[in-house]
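Asker: Contents of run-v5.cif (mmCIF, C-alpha atoms and all ligand atoms) are below:
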```cif
data_run
loop_
_atom_site.label_atom_id
_atom_site.label_comp_id
_atom_site.auth_asym_id
_atom_site.auth_seq_id
_atom_site.Cartn_x
_atom_site.Cartn_y
_atom_site.Cartn_z
CA MET A 1 58.27 -15.54 53.82
CA ASN A 2 61.42 -13.92 55.28
CA ILE A 3 60.88 -11.36 57.98
CA ALA A 4 63.03 -8.72 59.66
CA ILE A 5 61.85 -7.45 63.05
CA LEU A 6 62.85 -3.89 63.95
CA GLY A 7 63.00 -3.56 67.75
CA PHE A 8 63.04 -6.40 70.25
CA GLY A 9 60.91 -5.08 73.11
CA THR A 10 57.62 -6.55 74.32
CA ILE A 11 55.89 -6.87 70.93
CA GLY A 12 58.97 -7.61 68.77
CA SER A 13 60.04 -10.44 71.07
CA GLY A 14 56.43 -11.69 71.14
CA VAL A 15 56.36 -11.92 67.34
CA TYR A 16 59.66 -13.83 67.39
CA GLU A 17 58.37 -16.20 70.10
CA ILE A 18 55.15 -17.08 68.24
CA ILE A 19 57.08 -17.73 65.02
CA GLN A 20 59.74 -19.83 66.83
CA HIS A 21 57.02 -21.95 68.47
CA ALA A 22 54.91 -22.18 65.32
CA ALA A 23 51.83 -24.28 66.00
CA THR A 24 50.25 -24.13 62.52
CA ASP A 25 51.40 -24.52 58.90
CA GLU A 26 50.67 -20.84 58.28
CA VAL A 27 53.14 -19.79 60.98
CA LYS A 28 55.67 -22.49 60.02
CA ASN A 29 55.95 -20.70 56.64
CA LEU A 30 57.33 -17.58 58.36
CA HIS A 31 61.06 -17.16 59.00
CA VAL A 32 62.68 -14.43 61.02
CA THR A 33 65.99 -13.70 59.29
CA HIS A 34 66.99 -10.43 61.00
CA ILE A 35 66.27 -8.63 64.27
CA LEU A 36 67.38 -5.01 64.43
CA ILE A 37 68.56 -3.97 67.89
CA ARG A 38 69.98 -0.67 69.13
CA LYS A 39 73.70 -0.01 68.56
CA GLY A 40 75.70 -1.00 71.62
CA LYS A 41 73.16 -3.60 72.82
CA ASP A 42 74.28 -7.23 73.26
CA LYS A 43 73.53 -9.47 70.27
CA THR A 44 72.03 -12.43 72.09
CA LEU A 45 70.90 -14.19 68.88
CA PRO A 46 72.96 -14.75 65.69
CA ILE A 47 70.25 -13.05 63.56
CA MET A 48 70.55 -9.78 65.51
CA CYS A 49 72.15 -6.79 63.79
CA ASP A 50 72.37 -3.05 64.39
CA ASP A 51 72.62 -1.83 60.78
CA ILE A 52 69.24 -1.24 59.16
CA GLN A 53 70.74 -0.80 55.69
CA THR A 54 71.82 -4.47 55.58
CA ILE A 55 68.13 -5.35 56.00
CA PHE A 56 66.91 -2.97 53.27
CA ASP A 57 69.67 -4.20 50.93
CA ASP A 58 68.95 -7.90 51.46
CA PRO A 59 66.75 -9.10 48.56
CA GLN A 60 65.79 -12.17 50.62
CA VAL A 61 63.85 -10.03 53.15
CA ASP A 62 60.20 -9.86 52.07
CA LEU A 63 58.60 -8.11 55.02
CA ILE A 64 59.58 -5.76 57.82
CA VAL A 65 57.84 -5.74 61.21
CA GLU A 66 58.25 -2.36 62.90
CA THR A 67 57.95 -2.55 66.69
CA ILE A 68 60.34 0.23 67.69
CA GLY A 69 57.49 2.52 68.74
CA GLY A 70 57.35 6.34 68.70
CA ILE A 71 57.65 8.63 65.69
CA GLU A 72 61.35 8.65 64.75
CA PRO A 73 63.22 6.65 63.58
CA ALA A 74 60.13 4.45 63.06
CA HIS A 75 58.67 6.79 60.41
CA THR A 76 61.92 6.94 58.40
CA HIS A 77 62.45 3.18 58.65
CA ILE A 78 58.90 2.43 57.47
CA MET A 79 59.20 4.80 54.50
CA ASN A 80 62.63 3.42 53.54
CA ALA A 81 61.37 -0.16 53.86
CA ILE A 82 58.41 0.56 51.58
CA GLN A 83 60.71 2.27 49.06
CA ALA A 84 62.98 -0.80 49.22
CA LYS A 85 59.85 -2.75 48.10
CA LYS A 86 59.39 -4.57 51.40
CA HIS A 87 55.94 -5.12 52.89
CA VAL A 88 55.55 -3.47 56.30
CA VAL A 89 53.51 -4.54 59.34
CA THR A 90 53.55 -2.34 62.43
CA ALA A 91 52.08 -2.23 65.93
CA ASN A 92 53.09 1.42 66.40
CA LYS A 93 49.95 3.56 66.86
CA ALA A 94 51.80 6.87 67.28
CA VAL A 95 53.44 6.69 63.87
CA VAL A 96 50.34 5.25 62.17
CA ALA A 97 48.10 7.98 63.64
CA LYS A 98 50.44 10.64 62.24
CA TYR A 99 51.46 9.20 58.86
CA LEU A 100 48.73 6.74 57.84
CA LYS A 101 47.87 8.53 54.59
CA ASP A 102 51.56 8.87 53.56
CA PHE A 103 52.39 5.23 54.37
CA ASN A 104 49.35 4.05 52.50
CA ALA A 105 50.16 6.11 49.39
CA ALA A 106 53.82 5.00 49.47
CA ALA A 107 52.76 1.34 49.74
CA VAL A 108 50.38 1.68 46.78
CA ASN A 109 53.11 3.41 44.71
CA ASN A 110 55.64 0.68 45.51
CA ASP A 111 53.22 -2.19 45.06
CA VAL A 112 53.66 -3.53 48.61
CA HIS A 113 51.33 -3.84 51.60
CA PHE A 114 51.31 -1.66 54.72
CA TYR A 115 49.20 -3.23 57.51
CA TYR A 116 48.73 -2.07 61.10
CA GLU A 117 46.06 -4.23 62.80
CA ALA A 118 48.08 -4.44 66.06
CA SER A 119 48.23 -0.65 66.39
CA THR A 120 44.64 -0.44 67.66
CA GLY A 121 42.93 -2.82 70.06
CA GLY A 122 45.93 -5.15 70.63
CA GLY A 123 44.89 -8.69 69.66
CA ILE A 124 41.33 -7.73 68.58
CA PRO A 125 40.75 -7.91 64.80
CA TRP A 126 39.26 -4.43 65.05
CA ILE A 127 40.69 -2.72 61.97
CA GLN A 128 39.70 -5.64 59.77
CA GLY A 129 36.26 -5.64 61.41
CA LEU A 130 35.86 -1.92 60.79
CA GLU A 131 37.03 -2.28 57.18
CA LYS A 132 34.53 -5.07 56.68
CA ALA A 133 31.69 -2.96 58.11
CA LEU A 134 32.68 -0.15 55.71
CA ARG A 135 32.16 -2.41 52.70
CA ILE A 136 28.40 -1.99 53.30
CA ASP A 137 27.75 0.84 55.77
CA ALA A 138 28.86 4.38 56.44
CA VAL A 139 30.08 4.05 60.04
CA ASP A 140 28.75 7.06 61.97
CA CYS A 141 29.98 6.32 65.48
CA ILE A 142 32.82 4.45 67.19
CA HIS A 143 33.35 4.34 70.92
CA GLY A 144 35.02 2.11 73.41
CA ILE A 145 37.70 1.01 75.77
CA PHE A 146 40.85 1.18 73.64
CA ASN A 147 43.56 1.01 76.32
CA GLY A 148 44.45 -2.14 78.26
CA THR A 149 46.55 -0.39 80.90
CA SER A 150 43.89 2.11 81.94
CA ASN A 151 41.23 -0.59 81.95
CA TYR A 152 43.44 -2.80 84.11
CA ILE A 153 43.98 0.08 86.55
CA LEU A 154 40.30 1.12 86.75
CA ASP A 155 39.12 -2.48 86.99
CA HIS A 156 41.48 -3.27 89.88
CA MET A 157 40.60 -0.02 91.65
CA TYR A 158 36.92 -0.97 91.35
CA ARG A 159 37.01 -4.70 92.10
CA TYR A 160 39.91 -4.87 94.59
CA GLN A 161 39.91 -1.31 96.01
CA ALA A 162 43.53 -1.04 94.85
CA THR A 163 45.39 2.25 94.72
CA PHE A 164 46.22 3.82 91.37
CA ASP A 165 50.02 3.69 91.84
CA ASP A 166 50.15 0.02 92.86
CA VAL A 167 48.04 -1.17 89.93
CA LEU A 168 50.01 0.92 87.45
CA LYS A 169 53.17 -0.90 88.59
CA ASP A 170 51.44 -4.27 87.98
CA ALA A 171 50.36 -3.16 84.48
CA GLN A 172 53.95 -2.17 83.67
CA HIS A 173 55.23 -5.47 84.98
CA LEU A 174 52.71 -7.38 82.82
CA GLY A 175 53.91 -5.55 79.69
CA TYR A 176 50.65 -3.65 79.12
CA ALA A 177 51.87 -0.10 79.74
CA GLU A 178 53.78 2.09 77.28
CA ALA A 179 57.47 2.80 77.96
CA ASP A 180 56.22 6.13 79.32
CA PRO A 181 52.94 5.16 80.99
CA SER A 182 51.71 8.76 80.91
CA ALA A 183 50.61 7.92 77.34
CA ASP A 184 48.21 5.36 78.83
CA ILE A 185 46.91 7.28 81.83
CA ASP A 186 46.69 10.74 80.24
CA GLY A 187 44.74 9.46 77.23
CA PHE A 188 47.31 10.02 74.47
CA ASP A 189 47.59 6.33 73.53
CA ILE A 190 43.81 6.08 73.23
CA SER A 191 43.70 9.33 71.21
CA ASN A 192 46.07 7.81 68.63
CA LYS A 193 43.82 4.76 68.41
CA ILE A 194 40.64 6.79 67.85
CA ARG A 195 42.51 8.90 65.24
CA ILE A 196 43.43 5.75 63.33
CA SER A 197 39.91 4.31 63.63
CA ALA A 198 38.17 7.56 62.61
CA SER A 199 40.61 8.09 59.72
CA ILE A 200 39.63 4.70 58.33
CA ALA A 201 35.92 5.13 59.07
CA TYR A 202 35.68 8.57 57.46
CA ASN A 203 38.34 7.96 54.75
CA HIS A 204 39.90 11.21 55.95
CA PRO A 205 43.15 11.66 57.92
CA ILE A 206 42.19 13.02 61.36
CA THR A 207 44.71 15.72 62.18
CA ASP A 208 42.59 18.16 64.25
CA GLN A 209 43.19 18.51 67.98
CA PHE A 210 40.28 17.33 70.16
CA PRO A 211 39.60 17.22 73.93
CA ILE A 212 41.57 14.61 75.89
CA PHE A 213 41.32 13.99 79.63
CA GLY A 214 42.79 10.88 81.26
CA ILE A 215 42.67 9.11 84.61
CA ARG A 216 45.80 10.51 86.32
CA ASN A 217 43.69 12.29 88.97
CA ILE A 218 41.25 9.52 89.83
CA LEU A 219 41.12 8.60 93.52
CA LYS A 220 39.98 5.41 95.21
CA GLU A 221 37.28 7.62 96.77
CA ASP A 222 36.01 8.63 93.29
CA VAL A 223 35.68 5.00 92.24
CA GLN A 224 33.77 4.26 95.46
CA PHE A 225 31.55 7.33 95.06
CA PHE A 226 30.69 6.44 91.45
CA SER A 227 29.95 2.88 92.58
CA SER A 228 27.59 4.18 95.29
CA LYS A 229 25.65 5.93 92.49
CA GLY A 230 25.48 2.70 90.44
CA PHE A 231 28.34 3.50 88.04
CA VAL A 232 31.65 2.01 86.94
CA VAL A 233 34.21 4.37 85.39
CA LYS A 234 36.14 3.53 82.19
CA LEU A 235 38.50 5.57 80.00
CA ILE A 236 36.75 5.98 76.66
CA ALA A 237 37.53 7.28 73.19
CA LYS A 238 34.61 8.26 71.01
CA THR A 239 34.02 9.66 67.54
CA LYS A 240 30.73 10.68 65.97
CA ARG A 241 29.94 11.64 62.41
CA LYS A 242 27.11 13.75 61.00
CA GLY A 243 27.26 14.18 57.23
CA ASN A 244 30.67 15.60 56.46
CA THR A 245 31.37 16.68 60.04
CA TYR A 246 32.87 14.67 62.88
CA ASP A 247 33.80 15.02 66.54
CA CYS A 248 36.25 13.06 68.71
CA ILE A 249 36.83 12.98 72.48
CA VAL A 250 38.81 11.01 75.03
CA GLU A 251 37.53 11.09 78.61
CA PRO A 252 36.57 8.92 81.59
CA MET A 253 32.96 7.78 81.23
CA LEU A 254 30.49 6.30 83.73
CA PHE A 255 28.55 3.17 82.79
CA GLY A 256 25.66 1.56 84.69
CA LYS A 257 26.88 -1.57 86.48
CA ASN A 258 24.88 -3.87 84.19
CA GLN A 259 26.19 -2.41 80.94
CA ILE A 260 28.72 -4.44 78.97
CA GLU A 261 31.42 -1.74 79.17
CA ALA A 262 31.19 -1.74 82.97
CA ASN A 263 32.05 -5.44 83.03
CA ILE A 264 35.22 -5.36 80.92
CA GLN A 265 37.98 -6.61 83.19
CA GLU A 266 41.79 -6.75 83.32
CA ASN A 267 43.60 -5.67 80.09
CA TYR A 268 40.59 -6.32 77.84
CA ASN A 269 39.22 -3.75 75.36
CA LEU A 270 35.70 -3.38 74.00
CA ILE A 271 35.22 -1.34 70.84
CA SER A 272 31.80 -0.57 69.34
CA LEU A 273 30.83 0.77 65.95
CA HIS A 274 27.50 1.75 64.52
CA GLY A 275 26.49 1.32 60.88
CA ASP A 276 23.11 1.78 59.17
CA THR A 277 22.43 -1.84 58.34
CA ILE A 278 24.60 -3.65 60.89
CA GLY A 279 23.44 -1.52 63.83
CA GLU A 280 25.75 -1.74 66.82
CA LEU A 281 28.68 -4.13 66.57
CA LYS A 282 31.11 -4.82 69.45
CA PHE A 283 34.66 -6.20 69.37
CA TYR A 284 36.12 -7.67 72.55
CA GLY A 285 39.54 -9.07 73.41
CA GLN A 286 42.92 -8.37 74.96
CA GLY A 287 43.86 -4.82 74.07
CA ALA A 288 47.43 -5.02 75.36
CA GLY A 289 50.06 -7.61 76.18
CA LYS A 290 52.97 -9.32 74.46
CA LEU A 291 51.45 -12.38 72.80
CA ALA A 292 47.95 -11.00 72.13
CA THR A 293 49.39 -7.98 70.30
CA ALA A 294 52.05 -10.09 68.54
CA ASN A 295 49.20 -12.35 67.40
CA ALA A 296 47.62 -9.38 65.55
CA VAL A 297 50.99 -8.60 63.90
CA ILE A 298 51.26 -12.20 62.71
CA GLN A 299 47.69 -12.20 61.37
CA ASP A 300 48.73 -9.31 59.09
CA ILE A 301 51.90 -11.14 58.05
CA ILE A 302 49.93 -14.28 57.15
CA ASP A 303 47.46 -12.19 55.09
CA ILE A 304 50.40 -10.78 53.12
CA SER A 305 52.08 -14.16 52.72
CA GLU A 306 48.79 -15.56 51.40
CA ASN A 307 48.19 -12.53 49.18
CA LYS A 308 45.00 -11.51 51.00
CA SER A 309 44.58 -7.79 50.40
CA HIS A 310 42.87 -5.58 52.96
CA ARG A 311 40.41 -2.84 52.00
CA GLN A 312 42.11 0.20 50.47
CA CYS A 313 41.42 3.70 51.82
CA SER A 314 42.48 6.74 49.79
CA PHE A 315 41.98 9.10 52.76
CA ASN A 316 40.83 11.70 50.23
CA ASN A 317 37.43 12.47 51.73
CA THR A 318 36.84 16.03 52.99
CA MET A 319 35.52 16.21 56.57
CA GLN A 320 35.20 19.15 58.98
CA TYR A 321 35.81 18.88 62.72
CA ASP A 322 32.67 19.96 64.63
CA SER A 323 33.16 20.17 68.38
CA THR A 324 29.41 20.30 69.08
CA LEU A 325 28.48 16.71 68.19
CA CYS A 326 29.41 15.09 71.54
CA ASN A 327 27.27 16.24 74.52
CA HIS A 328 26.94 14.57 77.92
CA ASP A 329 26.09 14.97 81.57
CA TYR A 330 29.19 14.94 83.80
CA ILE A 331 30.08 14.26 87.41
CA LEU A 332 32.83 16.65 88.47
CA ARG A 333 34.91 16.54 91.64
CA CYS A 334 36.65 19.77 92.55
CA ASN A 335 37.15 22.20 95.39
CA PRO A 336 33.62 23.61 96.05
CA SER A 337 35.06 27.14 96.15
CA LEU A 338 35.51 26.90 92.35
CA GLN A 339 31.80 26.77 91.50
CA SER A 340 32.01 30.26 89.99
CA LEU A 341 34.02 28.71 87.12
CA PHE A 342 31.00 26.70 85.98
CA LYS A 343 28.15 28.86 87.25
CA GLU A 344 26.76 29.39 83.73
CA LEU A 345 26.13 25.64 83.42
CA GLU A 346 23.09 23.83 84.75
CA TYR A 347 24.32 21.75 87.72
CA GLU A 348 23.56 20.46 91.20
CA PRO A 349 25.85 19.51 94.09
CA ILE A 350 25.44 15.78 94.82
CA ALA A 351 27.95 15.34 97.66
CA HIS A 352 30.76 17.32 99.23
CA SER A 353 33.05 18.29 96.27
CA TYR A 354 30.96 16.38 93.70
CA PHE A 355 28.68 18.14 91.17
CA HIS A 356 26.32 16.78 88.55
CA ILE A 357 26.65 18.97 85.44
CA LYS A 358 23.69 18.67 83.07
CA HIS A 359 23.90 18.28 79.31
CA VAL A 360 26.95 20.20 78.13
CA GLU A 361 29.13 20.05 75.01
CA ALA A 362 32.17 17.91 75.72
CA THR A 363 34.53 20.58 74.36
CA LYS A 364 33.05 23.21 76.64
CA MET A 365 33.25 20.95 79.69
CA HIS A 366 36.90 20.10 78.93
CA ALA A 367 37.71 23.83 78.61
CA ILE A 368 36.08 24.56 81.99
CA LEU A 369 37.94 21.64 83.57
CA LYS A 370 41.22 23.11 82.30
CA GLU A 371 40.47 26.32 84.21
CA ILE A 372 39.47 24.35 87.31
CA LEU A 373 42.71 22.33 87.18
CA GLU A 374 44.74 25.55 87.33
CA CYS A 375 43.27 26.19 90.79
CA ASP A 376 42.66 22.60 91.91
CA PRO A 377 45.18 20.31 90.16
CA THR A 378 43.53 17.25 91.76
CA ALA A 379 40.11 17.77 90.09
CA PHE A 380 38.52 14.88 88.19
CA MET A 381 35.49 14.46 85.96
CA ALA A 382 33.72 11.70 84.09
CA SER A 383 30.84 11.90 81.62
CA ILE A 384 27.71 9.77 82.03
CA TYR A 385 27.02 7.31 79.23
CA GLU A 386 23.57 7.63 77.69
CA GLU A 387 22.44 5.09 75.15
CA GLU A 388 20.64 7.59 72.92
CA GLN A 389 23.55 10.08 73.03
CA SER A 390 26.01 7.39 71.97
CA CYS A 391 26.20 5.13 68.95
N1 LIG A 401 49.82 0.51 76.31
C1 LIG A 401 48.83 0.04 75.41
C2 LIG A 401 47.59 -0.36 76.20
C3 LIG A 401 49.37 -1.14 74.65
O1 LIG A 401 47.70 -0.46 77.42
O2 LIG A 401 46.52 -0.52 75.62
C4 LIG A 401 48.50 -1.59 73.51
O3 LIG A 401 48.32 -0.59 72.56
#
```
Now, as a test, write the supplied structure out as structure tokens.
Ligand code: HSE
Answerer:
Amino acid sequence: MNIAILGFGTIGSGVYEIIQHAATDEVKNLHVTHILIRKGKDKTLPIMCDDIQTIFDDPQVDLIVETIGGIEPAHTHIMNAIQAKKHVVTANKAVVAKYLKDFNAAAVNNDVHFYYEASTGGGIPWIQGLEKALRIDAVDCIHGIFNGTSNYILDHMYRYQATFDDVLKDAQHLGYAEADPSADIDGFDISNKIRISASIAYNHPITDQFPIFGIRNILKEDVQFFSSKGFVVKLIAKTKRKGNTYDCIVEPMLFGKNQIEANIQENYNLISLHGDTIGELKFYGQGAGKLATANAVIQDIIDISENKSHRQCSFNNTMQYDSTLCNHDYILRCNPSLQSLFKELEYEPIAHSYFHIKHVEATKMHAILKEILECDPTAFMASIYEEEQSC
């Protein structure tokens, strides 16, 4: 199988490296014939080119790996590749979250495959696992740690009392963070991943806006305070379904120290689903990083080269967004003078600047936090995980 790689950053170069050092017959069957780099960049390998049309026009190219990232030109390149009858494999969650239904329909119409395992959960075979669960069950809940960078940061702040800024630099150095790490720390990367997962689970493209709050404001003192109360904080994405309605949120969540989520270290992810007959199922592995993510890309390529089709979604189901399905208790840190902004909620002060807010809709709590942040831009909150409220 002849492969063109678009983009030669962390993941693109990882795919090339695994194929060049092929350790199995499956990988030895794969040949990288083109690498698309940006115009003006040095061509350090003879197979590098800067003209995408030569790739589309080459009948020898069977499959295109898109690792450029972002929306454009990735979206146009993927569509053009599919129309040129090339299979496409991508690790790009932003473009998949936005155009999954269109890419899927175009691939079906052109009789090629469009696979995107590496877009969600890095090296974890999560999408295939979810698709397999859906062969038998209606999946009614997905939640988990979907971002390696934020987990790395929170884990190091907890275990080594590190500061946020120092650990973020390490995560960038290790190739975990996005080009603009605000996508990792403000929750946008994880929101794309829950969009993709929920779209597959509900067979409905998730386009609604939902509450997102990241970890930009977390302090070393917050991590220590949560620890003193028996909690470890993690950045979580969650979706719940009830009949034809669904809810999604992204927020920091507090787990008891003995819970599995609390013990996920470094760049690892842990994603859980719930189905009627399978119950709770958890997927664990490296959620970010060059070779782990490239591994997921190559798994898709091998499936295509061996003609193994993945489950087809039409994305034609009708679902309504219902912001009332996710409810939690929260611990909020803010300037105590701002209590009037949440006085209608049931709450109690638990330490100077920290408040325990009782059972509130996530959407409502996020709206209140937005008002608080206008007066105290350093405020932070995390929900408290409750088994019965979750999957
Ligand atoms: N920046 C992402 C993460 C990369 O840290 O999880 C993998 O999607």
Asker: Could you pull the residues within 10 Å of Val250 of chain A, counting all atoms listed in the file, minus those fewer than 2 positions along the same chain, as a list in words?
Answerer: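 Here the qualifying residues turn out to be His143, Gly144, Asp186, Gly187, Phe188, Ile190, Ser191, Ile194, Phe210, Pro211, Ile212, Phe213, Gly214, Leu235, Ile236, Ala237, Lys238, Thr239, Cys248, Pro252, Met253 and Ala362 of chain A.
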Asker: Write out as a PDB file with C-alpha atoms, in the coordinates of the input each polymer residue (protein, DNA or RNA) that has an atom no more than 9 Å from ligand LIG 401 (chain A), with all atoms listed in the file counted.
Answerer:
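Result went into out-v3.pdb, see below:
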```
ATOM      1  CA  ALA A  91      52.080  -2.230  65.930  1.00  0.00           C
ATOM      2  CA  ASN A  92      53.090   1.420  66.400  1.00  0.00           C
ATOM      3  CA  LYS A  93      49.950   3.560  66.860  1.00  0.00           C
ATOM      4  CA  ALA A 118      48.080  -4.440  66.060  1.00  0.00           C
ATOM      5  CA  SER A 119      48.230  -0.650  66.390  1.00  0.00           C
ATOM      6  CA  THR A 120      44.640  -0.440  67.660  1.00  0.00           C
ATOM      7  CA  GLY A 121      42.930  -2.820  70.060  1.00  0.00           C
ATOM      8  CA  GLY A 122      45.930  -5.150  70.630  1.00  0.00           C
ATOM      9  CA  GLY A 123      44.890  -8.690  69.660  1.00  0.00           C
ATOM     10  CA  ILE A 145      37.700   1.010  75.770  1.00  0.00           C
ATOM     11  CA  PHE A 146      40.850   1.180  73.640  1.00  0.00           C
ATOM     12  CA  ASN A 147      43.560   1.010  76.320  1.00  0.00           C
ATOM     13  CA  GLY A 148      44.450  -2.140  78.260  1.00  0.00           C
ATOM     14  CA  THR A 149      46.550  -0.390  80.900  1.00  0.00           C
ATOM     15  CA  SER A 150      43.890   2.110  81.940  1.00  0.00           C
ATOM     16  CA  ASN A 151      41.230  -0.590  81.950  1.00  0.00           C
ATOM     17  CA  TYR A 152      43.440  -2.800  84.110  1.00  0.00           C
ATOM     18  CA  ALA A 171      50.360  -3.160  84.480  1.00  0.00           C
ATOM     19  CA  GLN A 172      53.950  -2.170  83.670  1.00  0.00           C
ATOM     20  CA  GLY A 175      53.910  -5.550  79.690  1.00  0.00           C
ATOM     21  CA  TYR A 176      50.650  -3.650  79.120  1.00  0.00           C
ATOM     22  CA  ALA A 177      51.870  -0.100  79.740  1.00  0.00           C
ATOM     23  CA  GLU A 178      53.780   2.090  77.280  1.00  0.00           C
ATOM     24  CA  ALA A 179      57.470   2.800  77.960  1.00  0.00           C
ATOM     25  CA  PRO A 181      52.940   5.160  80.990  1.00  0.00           C
ATOM     26  CA  ALA A 183      50.610   7.920  77.340  1.00  0.00           C
ATOM     27  CA  ASP A 184      48.210   5.360  78.830  1.00  0.00           C
ATOM     28  CA  ILE A 185      46.910   7.280  81.830  1.00  0.00           C
ATOM     29  CA  ASP A 189      47.590   6.330  73.530  1.00  0.00           C
ATOM     30  CA  ILE A 190      43.810   6.080  73.230  1.00  0.00           C
ATOM     31  CA  LYS A 193      43.820   4.760  68.410  1.00  0.00           C
ATOM     32  CA  ASN A 267      43.600  -5.670  80.090  1.00  0.00           C
ATOM     33  CA  TYR A 268      40.590  -6.320  77.840  1.00  0.00           C
ATOM     34  CA  ASN A 269      39.220  -3.750  75.360  1.00  0.00           C
ATOM     35  CA  GLN A 286      42.920  -8.370  74.960  1.00  0.00           C
ATOM     36  CA  GLY A 287      43.860  -4.820  74.070  1.00  0.00           C
ATOM     37  CA  ALA A 288      47.430  -5.020  75.360  1.00  0.00           C
ATOM     38  CA  GLY A 289      50.060  -7.610  76.180  1.00  0.00           C
ATOM     39  CA  LYS A 290      52.970  -9.320  74.460  1.00  0.00           C
ATOM     40  CA  THR A 293      49.390  -7.980  70.300  1.00  0.00           C
TER      41      THR A 293
END
```
Asker: Tell me, in Å to one decimal, how far atom CA of Ser309 of chain A is from atom CA of Leu130 of chain A.
Answerer: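 Atom-to-atom, atom CA of Ser309 of chain A and atom CA of Leu130 of chain A are spaced 14.8 Å apart.
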Asker: May I have the protein, DNA and RNA residues with an atom at most 8 Å from (42.9, 9.9, 53.7), counting all atoms listed in the file in the file's coordinates, returned as a list in words?
Answerer: Leu100, Lys101, Ser199, Ile200, Asn203, His204, Pro205, Cys313, Ser314, Phe315, Asn316 and Asn317 of chain A
Asker: What's the 6 Å shell around segment 68-75 of chain A, counting all atoms listed in the file, without same-chain residues fewer than 5 positions away, as a ChimeraX atom specification?
Answerer: /A:7,92,94-95
Asker: Check the smallest atom-to-atom distance from each of A:Glu387, A:Asp180, A:Asp51, A:Asp322 to Phe255 of chain A using all atoms listed in the file, then report the winner.
Answerer: A:Glu387
Asker: So that I can check the surroundings of Ile64 of chain A, please list as a ChimeraX atom specification every protein, DNA and RNA residue that reaches within 9 Å of it, counting only C-alpha atoms and ignoring chain neighbours fewer than 6 positions away.
Answerer: /A:2-6,55,78,81-82,86-90
Asker: Between A:Phe342, A:Asn307, A:Ile264, A:Leu254, which residue has the minimum interatomic distance to Met381 of chain A, considering only C-alpha atoms?
Answerer: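 Under the stated criterion, the closest residue is A:Leu254.
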Asker: Atom CA of His113 of chain A and atom CA of Ile11 of chain A are how many Å apart?
Answerer: 20.1 Å
Asker: Have a look at A:Phe231, A:Tyr321, A:Phe8, A:Phe225 and name the one nearest to Asp42 of chain A; count all atoms listed in the file.
Answerer: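 Counting all atoms listed in the file, the residue closest to Asp42 of chain A is A:Phe8.
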